[in-house]
Structure formats: C-alpha cells, structure tokens
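A quick write-up on the structure given underneath.
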Amino acid sequence: MQFRKALMAGAVAVLFCGVGHASVSTEEAHKLGTTLTGVGAEVAGSSDGAIPAYTGGLTSAPASFKAGSGIRPDPFANEKPLFSIDAKNMDKYAANLTEGTRALMKKYPGYHVDVYPTHRTAAFPKFVIENTAKCAVEAKTAASGRSMSGCHAGFPFPMPQSGFEAMWNHLVRFNGVAYAAKYRNYNVDASGGVALTTEGNAAEEYPYWDVSRPDADVYWQQRLLYTGPARRAGEAMQIVDPLNYEDKGRHAWQYLPGQRRVKVAPDLAFDTPNPGSGGASTFDDVFLFNGSMDRYDFKLVGKKEIFVPYNAYKMAYDTKAQDLLKPNFINPDDVRWERHRVWVVEATLVPGKRHIYSKRTFYLDEDSWAAVASDAYDARGQLFRTGFAYITPSYEVPAPIADLHGIYDLIAGSYSLTAFTGETGGFRYTKPMTERDWSPASLAGSGIR
C-alpha cells in the first residue's frame, strides 16, 4: 500500500501538465500508481496466485554483492523448481508456452523447462516513474508509428494503444544510462560444435534516459571493439539510433583493420546477417528486436501469461560456457523459467518491403517492457527462429537488463548466444562518454591493431 501511495503522489504531481496529442487521457493515466504500476503493468497478481502482486520490485542487493561489480549474485539461489515441462507433458501447459518453446520440445527430446516461483523483480529509479506519468499523456508517434516524440527519460506509452507504441517501450527500455561489458558470442551448430564468433568490449548508452540531456534525439548508441577471435581482432562497429527514424534513420559505421579507415555502414540493420553471431541471426534480432520498425506493421494482440526465462542470474553470472552450451540447446538445468504476464505484439511484413522473416511475434514483459521471447516465420509461414532474452534485473541501480539473449534456428538445428559476460566480468555501469568519444574518428583510433 505504501508503494502505491508513493507512486501515486509522484504521478499526480506531473500528470496535469500534459496537454494535447495525448496517448491516453489524464483520467486514464491516473491508473498509474493505483491499479497499474508506474510503468503500466498490472499491480494485481494472477487469479490463481502463480503471478504475485507487484510490490515494488527488487531494490536491495544480496549481502554477497560487491559494489561496482558487474557480477550479480543470485538472490534466489536456494529455490528449487516447482515442476518441469517437456515434450511428454507440454500439452498440459500449452496455453502458457510460446510456439517456439513448444517447437523446441518437439524437436529435441531432452529439452525441458524448469519452472520456479515467480518474482516480479523489475524496479526503477524515482525519476523513471515520475517521467512516465508525464509521458503517458504527452508522448506521441509519427510516421505511422515509426518515430516518437513528446517524452524523455520515461516510458512513452505505459498504456499502449497500438503495437508500435508497445514496441517503442521495448526500444527505449530502461537499462540504465550507460554501461560497459567484455562480452562473448557463441554459435552451436547442428552437430554440437561450439564456436566463439565474437569477443570484444561493448559500450552502450541510452541518451534518452540521461536527465541532463532533455533535448537528446538519440535513444540508443552502441560501440563494439572486437578482440577475438584472432581473425576479427581490431574490427570495430558503432550504431546510433534516433527517436525520429523518418528524418534521420540509423547511423552506423564500421572499421576494418585491413582498410585502415572508418566506413559508413548503412547495411548494419534489418535482416543483414549479423557478423557478431557469425551470421546466425539478423541485425534486428539483437535484443530480440532493435532498430527501425518500417519493415513491419505491428499489431497489439493483448496480454498473455506465459513461461519465460526470468531472474536468470545463475545462467548469466554463475555458469561457464562449456557447461552452458550443449548440443541442440542451452543447458536447461542452468536456466530459470517463471510465469509472467506479457504483451503480445504481432509484426507482419509490409507489402513491398523485404525481410527474411514474413511474420514475427514478440512477447514484452509487462513489468520491464523488455522483449523476453520472440518467434519468427519464413516466407512460407513456417516457424524459422525463436529467441529468448535472459533477464537479470540489476538490483543496485535498479534497472532491468535483458541484453543476454539466444536465437534458435529451428530449420538449421543450430543456435547462437549473444552478450554472454559471466566469465568476463558482467555488466558494469559507467559514466556516459563525451560526444567526441562517439565520433567516427574516435572509432578509428579505438579499432586499430
């Protein structure tokens, strides 16, 4: 109750300044902090109690956590699975499984999902809640939903009216303002062979969430400096995504040691094979979806309760790659699944546009707005790839983070794992870099070997 009162106080303080172009009315926005959390999730639990009521999320770190560390101990390490789902009993739970999860169970007899008690751990700083209340009545989209304005440092559409609005919440999701990691990406082929496709240093920033930059027109920027494998060491890549895709579009640059210069790289988007995953996924498979939405029509289907990876601290921070990466699938014993409510968004390819996926389904966690699962279909309408994000809320910020993700290719029988940092120090929160640091010239200096 104290959580709801505090949330409501922050929301009311800013709600009445919203005028015109409202995504929702001021009256509707008053649900924030009462029946809805500050970012739009249902406060109430599920009717059967499997999903508990939201009480503010996880904001205290375990005693074993070291301040400033990128490794986050599992606060639920002593819990045991409630039950397990596999091909033998999946029909019993079919209503709560994505098509991709069911396909994996059908294809691989050893694949199973261990379901644990649900913990709604997503939490946010006060400014996120306050700004979201303001954005609820002021944010708007343009260019048929593909650009967004009227909001800064808050979730723009806590009560989405369209698939585009819901996806904007995912695109600008709160991971913190700036963080860095030494990461590794892996591919596992159909024969079970494991290959390190990329190792490097990543810097990621969300200027959109920087309260000192209210006029920022960039919501996300990423710089990757490859250190391995040997054939890729010295390469570098930078991507900058704007709030206004209609006028600006994605800016991307690439540095290749053999050429000794930085090149504008407009192809680092959409269904271009991603070299970071050895071409096993597309650029817009990163984080399950990223970049411009102009290739698809996004339809908001509604909410659903499904089993998804969640609070996957063991997998992300306390498991070695050699134990995690098994033939055909990620070791099920290392992945924690829980039942959560998600927004379901269906994306259908726009006539005249090209993409290897004709249709995609995204499952957005209602508490964090991060995409936690996805299904992608080929031109024949056959399920092609399915993805999962392994969310591990950073309780010390607090900020949900779901950068670690895997993509299964159900046709090739292979899979990739992207942004694995458990063996290399985890995710560390940093201060934003300067504009000079983000210049293409700086990229050249960083990538030379």
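The chains in the structure tokens are called A, B, ... from first to last as shown; in each chain the residues are counted from 1, and the ligands are counted from 1 in the order shown.
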**Asked** Could you pull out the strand (DSSP E or B) residues of range 171-309 of chain A from DSSP and send them as a PyMOL selection string?
**Response** chain A and resi 178-188+194-205+218-228+236-242+244+251-256+261-264+273+282+296-309
Residues of range 75-122 of chain A within 9 Å of range 311-320 of chain A: nearest atom pair and distance (Å, one decimal) for each, counting only C-alpha atoms, sorted by chain and number, as CSV?
residue,atom,partner,partner_atom,distance
A:Pro75,CA,A:Tyr313,CA,8.2
A:Phe76,CA,A:Asn311,CA,8.3
A:Ala77,CA,A:Lys314,CA,7.6
A:Thr118,CA,A:Asn311,CA,9.0
A:His119,CA,A:Asn311,CA,7.8
A:Arg120,CA,A:Asn311,CA,9.0
A:Thr121,CA,A:Asn311,CA,7.7
Selected residues written out with all heavy atoms, as an mmCIF file, in the first residue's frame:
data_model
loop_
_atom_site.group_PDB
_atom_site.id
_atom_site.type_symbol
_atom_site.label_atom_id
_atom_site.label_comp_id
_atom_site.auth_asym_id
_atom_site.auth_seq_id
_atom_site.Cartn_x
_atom_site.Cartn_y
_atom_site.Cartn_z
ATOM 1 N N PRO A 75 19.810 -13.859 -6.032
ATOM 2 C CA PRO A 75 19.086 -13.730 -4.767
ATOM 3 C C PRO A 75 18.139 -14.893 -4.494
ATOM 4 O O PRO A 75 17.606 -15.008 -3.388
ATOM 5 C CB PRO A 75 18.315 -12.418 -4.925
ATOM 6 C CG PRO A 75 18.157 -12.250 -6.398
ATOM 7 C CD PRO A 75 19.359 -12.882 -7.033
ATOM 8 N N PHE A 76 17.947 -15.770 -5.489
ATOM 9 C CA PHE A 76 17.020 -16.893 -5.344
ATOM 10 C C PHE A 76 17.741 -18.235 -5.520
ATOM 11 O O PHE A 76 17.143 -19.223 -5.943
ATOM 12 C CB PHE A 76 15.892 -16.762 -6.363
ATOM 13 C CG PHE A 76 15.273 -15.389 -6.408
ATOM 14 C CD1 PHE A 76 15.401 -14.583 -7.538
ATOM 15 C CD2 PHE A 76 14.580 -14.885 -5.317
ATOM 16 C CE1 PHE A 76 14.852 -13.320 -7.592
ATOM 17 C CE2 PHE A 76 14.024 -13.611 -5.350
ATOM 18 C CZ PHE A 76 14.157 -12.826 -6.490
ATOM 19 N N ALA A 77 19.013 -18.241 -5.195
ATOM 20 C CA ALA A 77 19.848 -19.422 -5.451
ATOM 21 C C ALA A 77 19.367 -20.664 -4.709
ATOM 22 O O ALA A 77 19.606 -21.797 -5.164
ATOM 23 C CB ALA A 77 21.294 -19.126 -5.082
ATOM 24 N N THR A 118 7.484 -17.356 -9.270
ATOM 25 C CA THR A 118 7.589 -16.080 -9.974
ATOM 26 C C THR A 118 7.939 -14.962 -9.001
ATOM 27 O O THR A 118 7.309 -14.810 -7.955
ATOM 28 C CB THR A 118 6.270 -15.752 -10.684
ATOM 29 O OG1 THR A 118 6.025 -16.752 -11.681
ATOM 30 C CG2 THR A 118 6.322 -14.384 -11.340
ATOM 31 N N HIS A 119 8.937 -14.168 -9.389
ATOM 32 C CA HIS A 119 9.324 -12.974 -8.621
ATOM 33 C C HIS A 119 9.302 -11.779 -9.567
ATOM 34 O O HIS A 119 10.017 -11.774 -10.576
ATOM 35 C CB HIS A 119 10.716 -13.131 -8.015
ATOM 36 C CG HIS A 119 10.830 -14.222 -7.003
ATOM 37 N ND1 HIS A 119 10.343 -14.097 -5.720
ATOM 38 C CD2 HIS A 119 11.370 -15.468 -7.103
ATOM 39 C CE1 HIS A 119 10.586 -15.231 -5.052
ATOM 40 N NE2 HIS A 119 11.202 -16.071 -5.868
ATOM 41 N N ARG A 120 8.509 -10.791 -9.241
ATOM 42 C CA ARG A 120 8.408 -9.595 -10.083
ATOM 43 C C ARG A 120 9.470 -8.591 -9.627
ATOM 44 O O ARG A 120 9.206 -7.660 -8.874
ATOM 45 C CB ARG A 120 6.990 -9.031 -10.017
ATOM 46 C CG ARG A 120 5.956 -10.003 -10.570
ATOM 47 C CD ARG A 120 4.533 -9.507 -10.441
ATOM 48 N NE ARG A 120 4.278 -8.358 -11.306
ATOM 49 C CZ ARG A 120 3.100 -7.745 -11.396
ATOM 50 N NH1 ARG A 120 2.067 -8.177 -10.660
ATOM 51 N NH2 ARG A 120 2.939 -6.709 -12.191
ATOM 52 N N THR A 121 10.688 -8.802 -10.101
ATOM 53 C CA THR A 121 11.856 -8.097 -9.603
ATOM 54 C C THR A 121 12.145 -6.772 -10.311
ATOM 55 O O THR A 121 12.993 -6.007 -9.840
ATOM 56 C CB THR A 121 13.095 -8.996 -9.738
ATOM 57 O OG1 THR A 121 13.106 -9.575 -11.054
ATOM 58 C CG2 THR A 121 13.056 -10.123 -8.715
#
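For the choices A:Phe329, A:Tyr310, A:Phe164, A:Phe420, the atom-to-atom distance to Tyr108 in chain A is smallest for A:Phe329 when using only C-alpha atoms.
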**Request:** Would you kindly return, as a PyMOL selection string, each protein, DNA or RNA residue with an atom no farther than 9 Å from any atom of Phe289 in chain A, considering only C-alpha atoms and excluding same-chain residues fewer than 3 positions away?
**Result:** chain A and resi 167+170-171+283-286+362+371+374
**Request:** Please identify all polymer residues within 12 Å of Ala95 in chain A, counting only C-alpha atoms, omitting same-chain residues fewer than 2 positions from it, and present them as a PyMOL selection string.
**Result:** chain A and resi 90-93+97-99+101-102+304-307+339
**Item:** Pick from A:Val264, A:Ala142, A:Ala122, A:Val218 nearest to Leu58 in chain A, counting only C-alpha atoms
**Value:**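 Closest to Leu58 in chain A of all the choices is A:Ala122.
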**Request:** Find, counting only C-alpha atoms, the residue in A:Tyr54, A:Tyr208, A:Tyr183, A:Phe124 that gets nearest to Gly425 in chain A.
**Result:**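 Of the candidates, the smallest distance to Gly425 in chain A is held by A:Tyr183.
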Taking a cut-off of 10 Å and counting only C-alpha atoms, can you build a table that, for each residue of range 196-223 of chain A near range 230-251 of chain A, reports the nearest atom pair and how far apart they are in Å (one decimal), sorted by chain then residue number, as CSV?
residue,atom,partner,partner_atom,distance
A:Thr197,CA,A:Arg232,CA,9.0
A:Thr198,CA,A:Arg232,CA,7.6
A:Glu199,CA,A:Ala233,CA,8.4
A:Gly200,CA,A:Ala233,CA,8.3
A:Asn201,CA,A:Ala236,CA,9.6
A:Ala202,CA,A:Met237,CA,9.7
A:Ala203,CA,A:Gln238,CA,9.5
A:Glu204,CA,A:Ile239,CA,9.7
A:Glu205,CA,A:Val240,CA,9.6
A:Tyr206,CA,A:Asp241,CA,9.7
A:Tyr208,CA,A:Leu243,CA,8.7
A:Ala216,CA,A:Leu243,CA,8.9
A:Asp217,CA,A:Leu243,CA,5.7
A:Val218,CA,A:Pro242,CA,4.2
A:Tyr219,CA,A:Pro242,CA,5.8
A:Trp220,CA,A:Asp241,CA,5.4
A:Gln221,CA,A:Val240,CA,4.4
A:Gln222,CA,A:Ile239,CA,5.3
A:Arg223,CA,A:Gln238,CA,4.4
**Request:** Considering only C-alpha atoms, return as a PyMOL selection string whatever protein or nucleic-acid residues lie within 10 Å of Glu366 in chain A, sequence-local ones (same chain, fewer than 3 positions apart) excluded.
**Result:** chain A and resi 37+39-42+120+122+158+166+303-304+340-344+363+369-371
Mind writing the picked residues with C-alpha atoms as a tab-separated table (two decimals), in the first residue's frame?
chain	number	residue	atom	x	y	z
A	37	THR	CA	2.44	0.17	-11.63
A	39	VAL	CA	5.29	1.83	-15.93
A	40	GLY	CA	1.89	0.36	-16.76
A	41	ALA	CA	1.92	-3.24	-15.52
A	42	GLU	CA	-1.00	-4.68	-13.58
A	120	ARG	CA	8.41	-9.60	-10.08
A	122	ALA	CA	11.78	-5.27	-12.18
A	158	PRO	CA	2.68	2.79	-20.34
A	166	ALA	CA	4.33	-1.14	-27.23
A	303	LYS	CA	-1.83	-9.79	-22.78
A	304	LYS	CA	-1.00	-13.37	-22.02
A	340	HIS	CA	4.86	-13.77	-16.20
A	341	ARG	CA	2.33	-11.56	-17.95
A	342	VAL	CA	3.46	-10.27	-21.31
A	343	TRP	CA	2.13	-8.04	-24.04
A	344	VAL	CA	1.89	-9.94	-27.32
A	363	TYR	CA	6.42	-11.10	-26.06
A	369	TRP	CA	8.86	-3.71	-21.28
A	370	ALA	CA	11.82	-5.81	-22.44
A	371	ALA	CA	11.13	-8.41	-25.11
**Request:** Could you give me the residues within range 59-301 of chain A that DSSP places in alpha helix (DSSP H), as a VMD selection string?
**Result:** chain A and resid 99 to 107 126 to 138 163 to 171
Would you export the selected residues with N, CA, C and O atoms as a tab-separated table (two decimals), in the first residue's frame, please?
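Final file, part-v1.tsv:
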chain	number	residue	atom	x	y	z
A	99	GLU	N	5.00	-20.61	-29.16
A	99	GLU	CA	5.12	-21.63	-30.21
A	99	GLU	C	6.57	-22.09	-30.32
A	99	GLU	O	6.84	-23.28	-30.55
A	100	GLY	N	7.50	-21.17	-30.12
A	100	GLY	CA	8.91	-21.55	-30.19
A	100	GLY	C	9.31	-22.52	-29.10
A	100	GLY	O	10.07	-23.47	-29.35
A	101	THR	N	8.81	-22.31	-27.90
A	101	THR	CA	9.12	-23.23	-26.79
A	101	THR	C	8.57	-24.61	-27.08
A	101	THR	O	9.25	-25.62	-26.87
A	102	ARG	N	7.34	-24.67	-27.58
A	102	ARG	CA	6.75	-25.97	-27.91
A	102	ARG	C	7.54	-26.64	-29.03
A	102	ARG	O	7.75	-27.87	-29.01
A	103	ALA	N	7.98	-25.86	-30.02
A	103	ALA	CA	8.74	-26.43	-31.14
A	103	ALA	C	10.06	-27.03	-30.67
A	103	ALA	O	10.48	-28.09	-31.15
A	104	LEU	N	10.71	-26.38	-29.73
A	104	LEU	CA	11.97	-26.91	-29.20
A	104	LEU	C	11.74	-28.23	-28.47
A	104	LEU	O	12.54	-29.17	-28.58
A	105	MET	N	10.64	-28.32	-27.74
A	105	MET	CA	10.33	-29.56	-27.03
A	105	MET	C	10.02	-30.69	-28.00
A	105	MET	O	10.42	-31.84	-27.77
A	106	LYS	N	9.33	-30.37	-29.09
A	106	LYS	CA	9.01	-31.39	-30.09
A	106	LYS	C	10.26	-31.86	-30.83
A	106	LYS	O	10.41	-33.03	-31.14
A	107	LYS	N	11.15	-30.92	-31.11
A	107	LYS	CA	12.32	-31.22	-31.93
A	107	LYS	C	13.41	-31.96	-31.15
A	107	LYS	O	14.09	-32.83	-31.68
A	126	LYS	N	13.20	6.64	-9.10
A	126	LYS	CA	12.03	7.50	-8.96
A	126	LYS	C	11.78	8.35	-10.20
A	126	LYS	O	10.63	8.54	-10.63
A	127	PHE	N	12.86	8.86	-10.82
A	127	PHE	CA	12.66	9.74	-11.97
A	127	PHE	C	11.99	9.03	-13.14
A	127	PHE	O	11.27	9.64	-13.93
A	128	VAL	N	12.22	7.73	-13.27
A	128	VAL	CA	11.59	6.97	-14.34
A	128	VAL	C	10.08	6.93	-14.14
A	128	VAL	O	9.30	7.14	-15.08
A	129	ILE	N	9.66	6.68	-12.91
A	129	ILE	CA	8.23	6.62	-12.59
A	129	ILE	C	7.57	7.99	-12.82
A	129	ILE	O	6.50	8.10	-13.43
A	130	GLU	N	8.23	9.04	-12.35
A	130	GLU	CA	7.65	10.38	-12.48
A	130	GLU	C	7.54	10.81	-13.94
A	130	GLU	O	6.52	11.36	-14.37
A	131	ASN	N	8.58	10.55	-14.70
A	131	ASN	CA	8.55	10.96	-16.11
A	131	ASN	C	7.59	10.12	-16.94
A	131	ASN	O	6.99	10.61	-17.90
A	132	THR	N	7.42	8.86	-16.56
A	132	THR	CA	6.47	8.01	-17.28
A	132	THR	C	5.05	8.53	-17.11
A	132	THR	O	4.25	8.51	-18.06
A	133	ALA	N	4.72	9.03	-15.93
A	133	ALA	CA	3.39	9.59	-15.70
A	133	ALA	C	3.15	10.78	-16.62
A	133	ALA	O	2.05	10.97	-17.17
A	134	LYS	N	4.17	11.59	-16.83
A	134	LYS	CA	4.05	12.73	-17.73
A	134	LYS	C	3.95	12.28	-19.17
A	134	LYS	O	3.13	12.77	-19.95
A	135	CYS	N	4.79	11.32	-19.54
A	135	CYS	CA	4.80	10.83	-20.92
A	135	CYS	C	3.48	10.20	-21.32
A	135	CYS	O	3.09	10.23	-22.50
A	136	ALA	N	2.80	9.59	-20.35
A	136	ALA	CA	1.55	8.88	-20.65
A	136	ALA	C	0.56	9.76	-21.38
A	136	ALA	O	-0.23	9.28	-22.21
A	137	VAL	N	0.56	11.08	-21.08
A	137	VAL	CA	-0.40	11.99	-21.70
A	137	VAL	C	0.23	12.90	-22.74
A	137	VAL	O	-0.48	13.66	-23.42
A	138	GLU	N	1.56	12.85	-22.90
A	138	GLU	CA	2.22	13.76	-23.82
A	138	GLU	C	2.92	13.07	-24.99
A	138	GLU	O	3.14	13.69	-26.04
A	163	GLY	N	0.53	-1.64	-31.50
A	163	GLY	CA	1.75	-2.42	-31.45
A	163	GLY	C	2.99	-1.56	-31.55
A	163	GLY	O	4.02	-1.85	-30.93
A	164	PHE	N	2.92	-0.47	-32.32
A	164	PHE	CA	4.06	0.44	-32.44
A	164	PHE	C	4.38	1.08	-31.10
A	164	PHE	O	5.55	1.20	-30.72
A	165	GLU	N	3.35	1.50	-30.38
A	165	GLU	CA	3.59	2.10	-29.07
A	165	GLU	C	4.23	1.11	-28.11
A	165	GLU	O	5.17	1.45	-27.38
A	166	ALA	N	3.74	-0.12	-28.10
A	166	ALA	CA	4.33	-1.14	-27.23
A	166	ALA	C	5.79	-1.39	-27.59
A	166	ALA	O	6.65	-1.52	-26.70
A	167	MET	N	6.09	-1.44	-28.89
A	167	MET	CA	7.46	-1.70	-29.31
A	167	MET	C	8.38	-0.52	-28.99
A	167	MET	O	9.58	-0.71	-28.73
A	168	TRP	N	7.86	0.69	-28.98
A	168	TRP	CA	8.67	1.82	-28.56
A	168	TRP	C	9.09	1.67	-27.09
A	168	TRP	O	10.21	2.02	-26.70
A	169	ASN	N	8.20	1.15	-26.28
A	169	ASN	CA	8.57	0.91	-24.88
A	169	ASN	C	9.73	-0.07	-24.79
A	169	ASN	O	10.61	0.07	-23.94
A	170	HIS	N	9.72	-1.07	-25.67
A	170	HIS	CA	10.83	-2.02	-25.69
A	170	HIS	C	12.11	-1.36	-26.19
A	170	HIS	O	13.19	-1.55	-25.62
A	171	LEU	N	12.01	-0.60	-27.27
A	171	LEU	CA	13.20	0.02	-27.85
A	171	LEU	C	13.91	0.93	-26.85
A	171	LEU	O	15.14	0.93	-26.78
**d(CA of Ala139 in chain A, CA of Arg295 in chain A) in Å** =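 A separation of 22.5 Å between them.
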Using only C-alpha atoms, what does the table of range 333-430 of chain A residues within 10 Å of range 173-182 of chain A look like, with each row giving the shortest atom pair and its distance in Å to one decimal, sorted by chain and ascending number, as CSV?
residue,atom,partner,partner_atom,distance
A:Ser368,CA,A:Arg173,CA,7.2
A:Trp369,CA,A:Arg173,CA,6.2
A:Ala370,CA,A:Arg173,CA,6.3
A:Ala371,CA,A:Arg173,CA,9.4
A:Pro393,CA,A:Asn175,CA,8.8
A:Ser394,CA,A:Asn175,CA,8.5
A:Val397,CA,A:Gly176,CA,7.4
A:Pro398,CA,A:Gly176,CA,8.0
A:Ala399,CA,A:Asn175,CA,5.3
A:Pro400,CA,A:Asn175,CA,5.8
A:Ile401,CA,A:Asn175,CA,5.2
A:Ala402,CA,A:Asn175,CA,8.1
A:Asp403,CA,A:Asn175,CA,8.9
A:Ala419,CA,A:Lys182,CA,8.5
A:Phe420,CA,A:Lys182,CA,8.6
A:Thr421,CA,A:Lys182,CA,6.3
A:Gly422,CA,A:Lys182,CA,9.4
A:Glu423,CA,A:Lys182,CA,9.1
A:Thr424,CA,A:Lys182,CA,5.8
A:Gly425,CA,A:Lys182,CA,6.9
A:Gly426,CA,A:Ala181,CA,6.1
A:Phe427,CA,A:Ala181,CA,5.0
A:Arg428,CA,A:Ala180,CA,5.4
A:Tyr429,CA,A:Tyr179,CA,4.1
A:Thr430,CA,A:Tyr179,CA,4.9
**Item:** Residues near range 266-280 of chain A, cut-off 8 Å, only C-alpha atoms, skip fewer than 3 positions along chain, as a PyMOL selection string
**Value:** chain A and resi 185-187+197-198+250-253+283-284+291-292+355-356+409+415-418
**Request:** Pick out the closest residue to Thr348 in chain A from this set: A:Arg260, A:Arg380, A:Arg336, A:Lys299. Count only C-alpha atoms.
**Result:** A:Lys299
**Fill in**
Min atom-atom distance to Lys140 in chain A from the set A:Gln382, A:Thr227, A:Val24, A:Glu396, counting only C-alpha atoms, belongs to A:Val24
**Prompt:** What separation in Å, quoted to one decimal, exists between CA of Glu435 in chain A and CA of Val172 in chain A?
**Reply:** 19.9 Å
